[in-house]
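Colleague: Before we start, here is the structure in question, set down as structure tokens.
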Amino acid sequence: MSGYRRNFISDYDGLAGQWWDPRGPLAPLGWIARARAEFVPAANTADGGADIPQARLLDVACGGGLFGPHLAGKGYRVFGVDLSAMALKEALGHGFDAVARADITRLPFADASFDVVTAGQCLEHVPDPYAVVAELCRVLRPGGTLIVDTIPDTRTARLVAITLAENLPLPGRPARGTHDHRLFVNRERLTRVARAHGVELRLLGLRPRFRDFIRYLAGRREEVRMVPITSTSVLYLGVGTKR
């Protein structure tokens, strides 16, 4: 689509050394990754075996691997996909077993090949997030879990994610221009597309834990826990099982 930015990969390559900086521009992605991991069920085949393959989890747009450490002990072989080769190199050092450089609208995997598929904070950066959701559902096996989180197409989200978050001089601030409000993801359409591909998503909102955030701003804490809320007007997560 004309007018949309195309240089997100070069932007993130430029931040390759800051994926794990707790006060850098990518820090909030780590907070959200921790919250997302709480919805990943423990694998039923965690021990594997000669006849039972280890359960597989795919993290789409995995970036530098912020999700990886939070999956320890859950029993999955963890795969990551991203367009940034520099980010994938980081992911391999942080709990990912295998990575692939690929377009997330055309995943290089067979149908029904993963037990869990996750996509965090990437749908709001692509021109057609609903095509991505269809791909996520395609590679998810029946009975598997889909988890996505993104930013809704609301005025409140535009105010918080762009006007405030990208401009206030605070630690963890994303770079100006990180978000394009025209790409923010409609909640009703997202759930409708997932349903059409076999997944009924339950939506819930996420927000920073206030006490953690105040201590983070004061330099007394390195990570902010996210807590679930009923409002999905700023940041939301969807979780569902494929029928």
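Going through the structure tokens in order, the chains are called A, B, and so on, while each chain numbers its residues from 1 and the ligands are numbered from 1 in the order shown.
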Contacts of Arg106 of chain A at 8 Å or less, counting only C-alpha atoms, minus same-chain residues fewer than 4 places along, as a PyMOL selection string?
Modeller: chain A and resi 102+132+135
Colleague: I'd like the neighbourhood of Ile147 of chain A as number ranges by chain, where a residue qualifies if any of its atoms comes within 8 Å (using only C-alpha atoms), though same-chain residues fewer than 5 positions away should be ignored.
Modeller: A: 36, 39-40, 116-120, 237-240
Colleague: Find the residues near Glu166 of chain A: any atom within 9 Å, counting only C-alpha atoms, skip ones fewer than 3 places away on the same chain, and give them as a PyMOL selection string.
Modeller: chain A and resi 160-163+169+173-179
Colleague: Can you tell me, as an MDAnalysis selection string, what residues are no more than 9 Å from segment 224-227 of chain A when counting only C-alpha atoms, ignoring any on the same chain fewer than 2 positions away?
Modeller: chainID A and resid 28 30:32 34:35 205:213 215:216 221:222 229
Colleague: Those selected residues, please, written with C-alpha atoms and delivered as a PDB file, in the first residue's frame.
Modeller:
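Saved to selection.pdb:
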ATOM      1  CA  PRO A  28       8.721  -2.670  26.675  1.00  0.00           C
ATOM      2  CA  GLY A  30      10.388  -7.644  26.814  1.00  0.00           C
ATOM      3  CA  TRP A  31       7.707  -6.770  29.363  1.00  0.00           C
ATOM      4  CA  ILE A  32       4.999  -7.825  26.939  1.00  0.00           C
ATOM      5  CA  ARG A  34       6.874 -12.056  29.644  1.00  0.00           C
ATOM      6  CA  ALA A  35       3.116 -11.492  29.862  1.00  0.00           C
ATOM      7  CA  GLY A 205      -6.121  -5.917  27.640  1.00  0.00           C
ATOM      8  CA  LEU A 206      -2.655  -5.441  29.105  1.00  0.00           C
ATOM      9  CA  ARG A 207      -1.212  -2.549  31.052  1.00  0.00           C
ATOM     10  CA  PRO A 208       1.956  -1.942  33.086  1.00  0.00           C
ATOM     11  CA  ARG A 209       1.739  -2.640  36.807  1.00  0.00           C
ATOM     12  CA  PHE A 210       1.674   0.887  38.218  1.00  0.00           C
ATOM     13  CA  ARG A 211       4.038   0.287  41.115  1.00  0.00           C
ATOM     14  CA  ASP A 212       6.577  -1.398  38.866  1.00  0.00           C
ATOM     15  CA  PHE A 213       6.370   1.398  36.315  1.00  0.00           C
ATOM     16  CA  ARG A 215       9.942   2.299  40.287  1.00  0.00           C
ATOM     17  CA  TYR A 216      11.225   1.734  36.743  1.00  0.00           C
ATOM     18  CA  ARG A 221      13.584  -1.474  38.878  1.00  0.00           C
ATOM     19  CA  GLU A 222      14.763  -2.968  35.573  1.00  0.00           C
ATOM     20  CA  ILE A 229      -7.347  -5.839  32.318  1.00  0.00           C
TER      21      ILE A 229
END
Colleague: Write out as a list in words the residues lying within 10 Å of His94 of chain A, counting only C-alpha atoms and excluding same-chain residues fewer than 2 positions away.
Modeller: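 So the residues in contact are Gly64, Gly65, Leu66, Phe67, Gly68, Pro69, His70, Leu88, Lys89, Glu90, Ala91, Leu92, Phe96 and Asp97 of chain A.
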